[in-house]
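Structure file model.tsv with TSV, C-alpha atoms:
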```
chain	number	residue	atom	x	y	z
K	1	MET	CA	-29.70	-7.16	-13.42
K	2	ALA	CA	-32.50	-9.58	-12.88
K	3	ARG	CA	-35.11	-8.96	-10.23
K	4	ALA	CA	-35.43	-6.16	-7.75
K	5	VAL	CA	-35.51	-6.96	-4.06
K	6	GLY	CA	-35.88	-4.38	-1.33
K	7	GLY	CA	-36.57	-0.70	-1.76
K	8	GLU	CA	-34.88	2.58	-1.11
K	9	GLY	CA	-33.64	3.23	2.38
K	10	SER	CA	-32.65	6.52	3.92
K	11	LEU	CA	-29.19	7.55	5.03
K	12	SER	CA	-30.64	9.48	7.92
K	13	ASN	CA	-33.01	6.82	9.25
K	14	ASP	CA	-30.85	4.32	11.03
K	15	GLY	CA	-33.91	2.76	12.62
K	16	LEU	CA	-34.65	1.14	9.30
K	17	SER	CA	-31.96	-1.42	9.99
K	18	GLU	CA	-33.81	-2.86	12.93
K	19	ASP	CA	-37.03	-3.11	10.96
K	20	ARG	CA	-35.72	-5.53	8.39
K	21	ALA	CA	-34.93	-9.14	9.09
K	22	ALA	CA	-31.29	-10.07	8.65
K	23	LEU	CA	-30.68	-12.59	5.90
K	24	ALA	CA	-28.82	-15.88	6.05
K	25	LEU	CA	-27.14	-17.81	3.26
K	26	GLU	CA	-30.35	-19.70	2.49
K	27	ASP	CA	-32.16	-16.42	1.72
K	28	LEU	CA	-29.74	-15.33	-1.00
K	29	ALA	CA	-29.74	-16.39	-4.64
K	30	ALA	CA	-27.94	-15.34	-7.80
K	31	GLY	CA	-29.81	-12.62	-9.66
K	32	GLN	CA	-31.19	-10.79	-6.62
K	33	VAL	CA	-30.71	-7.03	-6.86
K	34	TYR	CA	-30.68	-4.48	-4.05
K	35	ARG	CA	-30.69	-0.71	-4.49
K	36	SER	CA	-29.42	1.73	-1.87
K	37	ALA	CA	-30.55	5.23	-1.05
K	38	SER	CA	-28.62	8.15	-2.52
K	39	ALA	CA	-25.96	10.51	-1.18
K	40	VAL	CA	-24.87	13.92	-2.48
K	41	ILE	CA	-21.10	14.53	-2.58
K	42	ASP	CA	-20.22	18.21	-2.35
K	43	GLY	CA	-16.93	19.87	-3.19
K	44	ALA	CA	-15.99	20.65	0.40
K	45	ALA	CA	-16.40	16.99	1.33
K	46	ILE	CA	-14.22	15.96	-1.61
K	47	THR	CA	-11.34	18.19	-0.53
K	48	ALA	CA	-11.73	17.36	3.19
K	49	PHE	CA	-11.59	13.62	2.50
K	50	ALA	CA	-8.60	14.06	0.21
K	51	ALA	CA	-6.75	16.18	2.78
K	52	ALA	CA	-7.06	13.30	5.24
K	53	TRP	CA	-6.45	10.28	3.02
K	54	ASP	CA	-5.32	11.12	-0.50
K	55	PRO	CA	-3.72	14.59	-0.55
K	56	GLN	CA	-3.02	15.02	-4.24
K	57	PRO	CA	-3.59	18.31	-6.13
K	58	PHE	CA	-6.38	16.98	-8.39
K	59	HIS	CA	-8.41	16.01	-5.27
K	60	LEU	CA	-7.62	19.20	-3.33
K	61	ASP	CA	-7.67	22.20	-5.62
K	62	SER	CA	-9.90	23.09	-8.58
K	63	ALA	CA	-7.24	25.00	-10.52
K	64	ALA	CA	-4.64	22.26	-10.14
K	65	ALA	CA	-7.29	19.67	-11.01
K	66	SER	CA	-8.22	21.49	-14.23
K	67	ALA	CA	-4.64	21.17	-15.41
K	68	SER	CA	-4.46	17.48	-14.45
K	69	ILE	CA	-5.48	14.24	-16.12
K	70	PHE	CA	-8.92	14.65	-14.45
K	71	GLY	CA	-9.69	18.03	-16.10
K	72	GLY	CA	-11.39	19.32	-12.93
K	73	LEU	CA	-11.82	18.56	-9.24
K	74	ALA	CA	-12.30	14.82	-8.77
K	75	ALA	CA	-12.97	12.85	-5.60
K	76	SER	CA	-10.40	10.30	-4.52
K	77	GLY	CA	-11.46	6.85	-5.62
K	78	TRP	CA	-11.27	5.90	-1.96
K	79	HIS	CA	-13.84	8.59	-1.19
K	80	THR	CA	-16.18	7.06	-3.75
K	81	ALA	CA	-15.41	3.67	-2.17
K	82	CYS	CA	-16.23	4.91	1.33
K	83	HIS	CA	-19.50	6.48	0.19
K	84	SER	CA	-20.35	3.25	-1.59
K	85	MET	CA	-19.72	1.25	1.59
K	86	ARG	CA	-21.87	3.57	3.68
K	87	LEU	CA	-24.72	3.39	1.18
K	88	PHE	CA	-24.35	-0.40	1.09
K	89	VAL	CA	-24.33	-0.74	4.90
K	90	ASP	CA	-27.41	1.49	5.18
K	91	GLY	CA	-29.12	-0.26	2.29
K	92	PRO	CA	-31.63	-3.06	2.03
K	93	LEU	CA	-29.24	-6.05	2.02
K	94	ARG	CA	-29.07	-7.00	5.69
K	95	ILE	CA	-26.86	-9.98	6.48
K	96	ALA	CA	-26.99	-11.79	9.83
K	97	GLY	CA	-23.75	-10.96	11.64
K	98	GLY	CA	-23.05	-7.96	9.39
K	99	LEU	CA	-21.43	-7.30	6.04
K	100	VAL	CA	-18.08	-9.06	6.28
K	101	GLY	CA	-15.88	-9.07	3.21
K	102	ALA	CA	-13.74	-12.06	2.34
K	103	GLY	CA	-12.03	-10.01	-0.35
K	104	VAL	CA	-12.42	-7.78	-3.37
K	105	GLU	CA	-11.43	-9.15	-6.75
K	106	GLN	CA	-12.05	-5.99	-8.75
K	107	LEU	CA	-12.41	-2.33	-7.87
K	108	ARG	CA	-12.40	0.36	-10.53
K	109	TRP	CA	-13.55	3.91	-10.98
K	110	PRO	CA	-14.56	4.42	-14.63
K	111	VAL	CA	-15.62	8.05	-14.18
K	112	PRO	CA	-14.49	10.39	-11.38
K	113	THR	CA	-16.94	11.62	-8.77
K	114	ARG	CA	-17.40	15.39	-9.16
K	115	PRO	CA	-18.73	18.08	-6.79
K	116	GLY	CA	-22.51	17.82	-6.61
K	117	ASP	CA	-22.70	14.24	-7.84
K	118	ILE	CA	-25.45	12.07	-6.39
K	119	LEU	CA	-24.43	8.46	-5.90
K	120	HIS	CA	-26.33	5.28	-5.18
K	121	VAL	CA	-25.30	1.63	-5.13
K	122	GLU	CA	-26.90	-1.30	-6.93
K	123	THR	CA	-25.94	-4.71	-5.62
K	124	GLU	CA	-26.38	-7.87	-7.65
K	125	VAL	CA	-25.91	-11.31	-6.12
K	126	LEU	CA	-23.67	-13.22	-8.55
K	127	SER	CA	-23.34	-16.55	-6.76
K	128	VAL	CA	-24.02	-18.27	-3.46
K	129	ARG	CA	-22.15	-21.30	-2.16
K	130	PRO	CA	-21.60	-23.02	1.16
K	131	SER	CA	-18.06	-22.92	2.57
K	132	ALA	CA	-16.16	-26.10	1.79
K	133	SER	CA	-14.36	-26.08	5.15
K	134	LYS	CA	-16.70	-24.30	7.58
K	135	PRO	CA	-20.24	-25.69	7.83
K	136	ASP	CA	-21.65	-22.63	9.64
K	137	ARG	CA	-21.20	-20.21	6.74
K	138	GLY	CA	-21.06	-19.63	3.03
K	139	LEU	CA	-19.62	-17.24	0.48
K	140	VAL	CA	-21.72	-14.81	-1.53
K	141	ARG	CA	-20.16	-13.11	-4.52
K	142	ILE	CA	-21.65	-9.73	-5.35
K	143	ARG	CA	-21.24	-6.95	-7.86
K	144	ASN	CA	-21.68	-3.49	-6.35
K	145	VAL	CA	-22.09	-0.76	-8.95
K	146	THR	CA	-22.04	2.85	-7.78
K	147	LEU	CA	-23.94	5.07	-10.20
K	148	ASN	CA	-24.10	8.85	-10.40
K	149	GLN	CA	-27.11	10.98	-11.34
K	150	ARG	CA	-26.12	10.76	-15.01
K	151	GLY	CA	-26.24	6.96	-14.89
K	152	GLU	CA	-22.46	6.73	-15.24
K	153	VAL	CA	-20.52	4.09	-13.33
K	154	ALA	CA	-18.49	5.86	-10.64
K	155	GLN	CA	-17.31	2.56	-9.18
K	156	GLU	CA	-17.61	-1.12	-9.93
K	157	MET	CA	-16.63	-3.62	-7.28
K	158	ILE	CA	-16.82	-7.38	-7.29
K	159	ALA	CA	-16.45	-8.80	-3.80
K	160	THR	CA	-17.19	-11.87	-1.74
K	161	LEU	CA	-19.08	-11.72	1.54
K	162	VAL	CA	-18.98	-14.22	4.40
K	163	VAL	CA	-22.59	-15.08	5.22
K	164	PRO	CA	-23.80	-17.35	8.04
K	165	ARG	CA	-26.06	-20.33	7.40
K	166	ARG	CA	-29.35	-20.20	9.23
K	167	ASP	CA	-28.92	-23.55	11.01
K	168	ALA	CA	-25.63	-22.32	12.46
K	169	GLY	CA	-27.38	-19.82	14.73
K	170	GLY	CA	-27.00	-16.72	12.63
K	171	GLN	CA	-23.35	-15.94	13.20
K	172	PRO	CA	-20.14	-17.74	12.30
K	173	ALA	CA	-18.10	-18.75	15.30
K	174	GLY	CA	-14.72	-17.30	14.35
K	175	PRO	CA	-12.70	-15.64	11.62
Y	1	MET	CA	10.88	-8.34	-3.18
Y	2	ALA	CA	14.02	-7.46	-5.10
Y	3	ARG	CA	15.82	-4.21	-4.48
Y	4	ALA	CA	15.04	-1.37	-2.15
Y	5	VAL	CA	14.55	2.11	-3.61
Y	6	GLY	CA	13.86	5.21	-1.54
Y	7	GLY	CA	13.77	5.52	2.21
Y	8	GLU	CA	11.29	6.27	4.92
Y	9	GLY	CA	9.28	9.45	4.67
Y	10	SER	CA	7.32	11.21	7.33
Y	11	LEU	CA	3.57	11.61	7.51
Y	12	SER	CA	3.91	15.05	9.05
Y	13	ASN	CA	6.47	16.52	6.65
Y	14	ASP	CA	4.58	17.36	3.48
Y	15	GLY	CA	7.54	19.37	2.23
Y	16	LEU	CA	9.31	16.10	1.49
Y	17	SER	CA	7.21	15.70	-1.63
Y	18	GLU	CA	8.81	18.71	-3.28
Y	19	ASP	CA	12.31	17.51	-2.46
Y	20	ARG	CA	12.11	14.32	-4.48
Y	21	ALA	CA	12.07	14.22	-8.26
Y	22	ALA	CA	8.87	12.87	-9.74
Y	23	LEU	CA	9.32	9.71	-11.75
Y	24	ALA	CA	8.22	8.97	-15.30
Y	25	LEU	CA	7.54	5.61	-16.93
Y	26	GLU	CA	11.18	5.30	-18.04
Y	27	ASP	CA	12.33	5.43	-14.39
Y	28	LEU	CA	10.29	2.44	-13.25
Y	29	ALA	CA	11.17	-1.23	-13.57
Y	30	ALA	CA	9.80	-4.51	-12.30
Y	31	GLY	CA	11.35	-5.48	-8.98
Y	32	GLN	CA	11.73	-1.98	-7.55
Y	33	VAL	CA	10.52	-1.78	-3.95
Y	34	TYR	CA	9.41	1.30	-2.01
Y	35	ARG	CA	8.69	1.45	1.70
Y	36	SER	CA	6.46	4.07	3.34
Y	37	ALA	CA	6.67	5.64	6.75
Y	38	SER	CA	4.44	4.22	9.52
Y	39	ALA	CA	1.15	5.28	11.06
Y	40	VAL	CA	-0.39	4.31	14.39
Y	41	ILE	CA	-4.12	3.49	14.33
Y	42	ASP	CA	-5.81	4.06	17.67
Y	43	GLY	CA	-9.18	2.80	18.83
Y	44	ALA	CA	-10.89	6.18	18.75
Y	45	ALA	CA	-9.87	6.62	15.12
Y	46	ILE	CA	-11.22	3.16	14.28
Y	47	THR	CA	-14.65	3.91	15.71
Y	48	ALA	CA	-14.78	7.46	14.28
Y	49	PHE	CA	-13.98	6.22	10.78
Y	50	ALA	CA	-16.54	3.44	11.10
Y	51	ALA	CA	-19.23	5.82	12.32
Y	52	ALA	CA	-18.76	7.83	9.14
Y	53	TRP	CA	-18.29	5.11	6.52
Y	54	ASP	CA	-18.92	1.59	7.81
Y	55	PRO	CA	-21.19	1.73	10.87
Y	56	GLN	CA	-21.31	-1.92	11.86
Y	57	PRO	CA	-21.10	-3.13	15.48
Y	58	PHE	CA	-17.75	-4.91	15.13
Y	59	HIS	CA	-16.15	-1.62	13.99
Y	60	LEU	CA	-17.93	0.56	16.55
Y	61	ASP	CA	-18.12	-1.20	19.89
Y	62	SER	CA	-15.64	-3.44	21.71
Y	63	ALA	CA	-18.25	-5.59	23.42
Y	64	ALA	CA	-20.23	-6.20	20.24
Y	65	ALA	CA	-16.98	-6.84	18.39
Y	66	SER	CA	-15.90	-9.47	20.93
Y	67	ALA	CA	-19.06	-11.43	20.18
Y	68	SER	CA	-18.61	-11.08	16.41
Y	69	ILE	CA	-16.64	-12.97	13.79
Y	70	PHE	CA	-13.73	-10.57	14.48
Y	71	GLY	CA	-13.39	-11.48	18.17
Y	72	GLY	CA	-12.61	-7.88	19.15
Y	73	LEU	CA	-12.71	-4.34	17.80
Y	74	ALA	CA	-11.53	-4.33	14.19
Y	75	ALA	CA	-11.04	-1.43	11.80
Y	76	SER	CA	-13.15	-1.31	8.69
Y	77	GLY	CA	-11.19	-2.66	5.75
Y	78	TRP	CA	-11.84	0.71	4.11
Y	79	HIS	CA	-10.07	2.38	7.03
Y	80	THR	CA	-7.04	0.19	6.44
Y	81	ALA	CA	-7.33	1.05	2.74
Y	82	CYS	CA	-7.44	4.79	3.44
Y	83	HIS	CA	-4.43	4.63	5.74
Y	84	SER	CA	-2.62	2.61	3.12
Y	85	MET	CA	-3.36	5.24	0.47
Y	86	ARG	CA	-2.16	8.06	2.71
Y	87	LEU	CA	1.07	6.23	3.51
Y	88	PHE	CA	1.52	5.51	-0.20
Y	89	VAL	CA	0.90	9.13	-1.24
Y	90	ASP	CA	3.33	10.41	1.41
Y	91	GLY	CA	5.86	7.72	0.55
Y	92	PRO	CA	8.91	7.62	-1.65
Y	93	LEU	CA	7.26	6.64	-4.95
Y	94	ARG	CA	6.63	10.01	-6.59
Y	95	ILE	CA	5.01	9.82	-10.03
Y	96	ALA	CA	4.91	12.81	-12.40
Y	97	GLY	CA	1.31	13.99	-12.51
Y	98	GLY	CA	0.40	12.11	-9.31
Y	99	LEU	CA	-0.70	8.62	-8.32
Y	100	VAL	CA	-3.58	7.90	-10.67
Y	101	GLY	CA	-5.13	4.45	-10.49
Y	102	ALA	CA	-6.39	2.70	-13.61
Y	103	GLY	CA	-7.99	0.04	-11.42
Y	104	VAL	CA	-7.54	-2.46	-8.62
Y	105	GLU	CA	-7.57	-6.13	-9.48
Y	106	GLN	CA	-7.29	-7.45	-5.95
Y	107	LEU	CA	-7.90	-5.99	-2.51
Y	108	ARG	CA	-8.01	-8.16	0.57
Y	109	TRP	CA	-7.59	-7.81	4.30
Y	110	PRO	CA	-6.06	-11.05	5.65
Y	111	VAL	CA	-5.91	-9.84	9.26
Y	112	PRO	CA	-8.00	-7.05	10.80
Y	113	THR	CA	-6.39	-3.81	11.94
Y	114	ARG	CA	-6.69	-3.53	15.74
Y	115	PRO	CA	-6.41	-0.56	18.12
Y	116	GLY	CA	-2.75	0.40	18.53
Y	117	ASP	CA	-1.59	-1.28	15.34
Y	118	ILE	CA	1.26	0.40	13.45
Y	119	LEU	CA	0.97	0.11	9.68
Y	120	HIS	CA	3.35	0.73	6.82
Y	121	VAL	CA	3.13	0.01	3.11
Y	122	GLU	CA	5.61	-1.81	0.92
Y	123	THR	CA	5.19	-1.26	-2.81
Y	124	GLU	CA	6.66	-3.59	-5.39
Y	125	VAL	CA	6.67	-2.73	-9.09
Y	126	LEU	CA	5.38	-5.83	-10.87
Y	127	SER	CA	5.45	-4.69	-14.49
Y	128	VAL	CA	5.87	-1.60	-16.66
Y	129	ARG	CA	4.48	-1.21	-20.16
Y	130	PRO	CA	3.72	1.63	-22.56
Y	131	SER	CA	0.07	2.22	-23.36
Y	132	ALA	CA	-0.96	0.57	-26.61
Y	133	SER	CA	-3.30	3.43	-27.55
Y	134	LYS	CA	-1.87	6.55	-25.89
Y	135	PRO	CA	1.78	7.35	-26.65
Y	136	ASP	CA	2.14	9.86	-23.79
Y	137	ARG	CA	1.73	7.33	-20.99
Y	138	GLY	CA	2.15	3.81	-19.74
Y	139	LEU	CA	0.71	1.40	-17.19
Y	140	VAL	CA	2.57	0.27	-14.10
Y	141	ARG	CA	1.25	-2.70	-12.17
Y	142	ILE	CA	2.12	-2.66	-8.47
Y	143	ARG	CA	1.56	-4.76	-5.38
Y	144	ASN	CA	0.97	-2.69	-2.25
Y	145	VAL	CA	1.24	-4.71	0.95
Y	146	THR	CA	0.21	-3.07	4.20
Y	147	LEU	CA	1.99	-4.67	7.15
Y	148	ASN	CA	1.38	-4.24	10.85
Y	149	GLN	CA	3.98	-4.19	13.62
Y	150	ARG	CA	3.72	-7.99	13.93
Y	151	GLY	CA	4.65	-8.41	10.27
Y	152	GLU	CA	1.13	-9.59	9.43
Y	153	VAL	CA	-0.51	-8.56	6.17
Y	154	ALA	CA	-3.32	-6.14	7.01
Y	155	GLN	CA	-4.01	-5.47	3.33
Y	156	GLU	CA	-2.80	-6.68	-0.01
Y	157	MET	CA	-3.68	-4.69	-3.11
Y	158	ILE	CA	-2.68	-5.23	-6.71
Y	159	ALA	CA	-3.36	-2.16	-8.81
Y	160	THR	CA	-2.36	-0.47	-12.04
Y	161	LEU	CA	-1.19	3.14	-12.16
Y	162	VAL	CA	-1.28	5.49	-15.14
Y	163	VAL	CA	2.24	6.94	-15.48
Y	164	PRO	CA	3.38	9.58	-18.01
Y	165	ARG	CA	6.31	9.00	-20.34
Y	166	ARG	CA	9.09	11.51	-19.97
Y	167	ASP	CA	9.09	12.63	-23.60
Y	168	ALA	CA	5.40	13.50	-23.30
Y	169	GLY	CA	6.12	16.44	-20.99
Y	170	GLY	CA	5.45	14.78	-17.66
Y	171	GLN	CA	1.69	14.65	-17.69
Y	172	PRO	CA	-0.85	12.79	-19.83
Y	173	ALA	CA	-3.14	15.09	-21.79
Y	174	GLY	CA	-6.51	13.67	-20.80
Y	175	PRO	CA	-8.30	10.88	-18.97
```
structure tokens encoding of this file:
Amino acid sequence: MARAVGGEGSLSNDGLSEDRAALALEDLAAGQVYRSASAVIDGAAITAFAAAWDPQPFHLDSAAASASIFGGLAASGWHTACHSMRLFVDGPLRIAGGLVGAGVEQLRWPVPTRPGDILHVETEVLSVRPSASKPDRGLVRIRNVTLNQRGEVAQEMIATLVVPRRDAGGQPAGP
Amino acid sequence: MARAVGGEGSLSNDGLSEDRAALALEDLAAGQVYRSASAVIDGAAITAFAAAWDPQPFHLDSAAASASIFGGLAASGWHTACHSMRLFVDGPLRIAGGLVGAGVEQLRWPVPTRPGDILHVETEVLSVRPSASKPDRGLVRIRNVTLNQRGEVAQEMIATLVVPRRDAGGQPAGP
């Protein structure tokens, strides 16, 4: 990753979002890197999330998880994904009109998230281009890597965001 | 999609899972189609999920959402993804050892999920192959399409599952 932009935010200080100027397409360039704050994922949260969205034994019960392919309690990948989104939304990359995804082209979970893991997200801007059909916006391709406290990759996502152009008034007019 | 396998399950009847035989790699073939039960997504659930995982105005507030790119309250894509996973887990495709993802190669949300939408998931088996390195398992590529009550695609995901081979005892030995 090339150059660092922005600093650490805080999950509990939502006021931070109002303090930072929202960015338009013209402000973004390949190689920019943004780093989120951190979040601790405890075992009770892992099982509560799994009970709601991904009720499988290796996400719900330590004994069953030990006998599974995961070798111990592991968060649902979707739990890691949700934490990653929250850290990203609360993080330093503020886009005018919000973080709107045009799609995800890769999402993988190389190592499971375990009870007590501490996650943060590093975002690299891969490319920036104006929309061919809609002059008020552009498309920004990013790599979001979610790292745990051991420096292991808990999630890697490559996605494209819809970002308004500044001369379009800061917000695209429609979907 | 080719031939239908399995029927509708029920979100509220977890006992169903024990009634159906879990499948191994040898049971799966390209062209098989599985259909989940349905789930209703109400507006309060949309805003509660967003408050936890994706707190952006267009997922939290109807007025702000009307002025946004979404033109009205829209569920976070991650909310649609979580519902899709739950419907998939509760659905008719039962894999020995559980639904373990090796990775997602595409995830997109062509139309937003709105308050009152009713979602279900249709799973098509795209390909089945033994692992080149691990004789106890194989890789099954699937397309999961989440449809709303209007027949619109709320989510399309292409993913690969790790599936045990029957002669390996029903469960891979390690990650």
Using all atoms listed in the file: which of K:Gln106, K:Ala24, K:Val140, K:Ala132 has the shortest distance to Thr160 in chain Y: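 Of K:Gln106, K:Ala24, K:Val140, K:Ala132, the one nearest Thr160 in chain Y is K:Gln106, counting all atoms listed in the file.
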- prompt: Which one of K:Arg129, K:Lys134, K:Arg166, K:His79 sits closest to Trp53 in chain Y if you count all atoms listed in the file?
  reply: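 So, comparing all the options, the nearest one is K:His79.
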- request: Starting from chain Y, keep only residues with some atom at most 9 Å from an atom of chain K, counting only C-alpha atoms, and report them as a ChimeraX atom specification.
  value: /Y:52-58,67-71,77-79,81-90,97-110,171-175
query: If you count all atoms listed in the file, which residues fall within 7 Å of Val163 in chain Y, apart from same-chain ones fewer than 5 positions away, as a list in words?
result: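 After dropping sequence-adjacent residues, the list is Ala24, Leu25, Ile95, Arg137, Gly138, Leu139 and Val140 of chain Y.
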message: Report, in Å with one decimal, the straight-line distance from CA of Leu119 in chain K to CA of Tyr34 in chain K.
response: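 Pair CA of Leu119 in chain K / CA of Tyr34 in chain K returns 14.5 Å.
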message: Can you measure CA of His59 in chain K to CA of Ile46 in chain K for me? One decimal in Å is fine.
response: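 Going from CA of His59 in chain K over to CA of Ile46 in chain K covers 6.9 Å.
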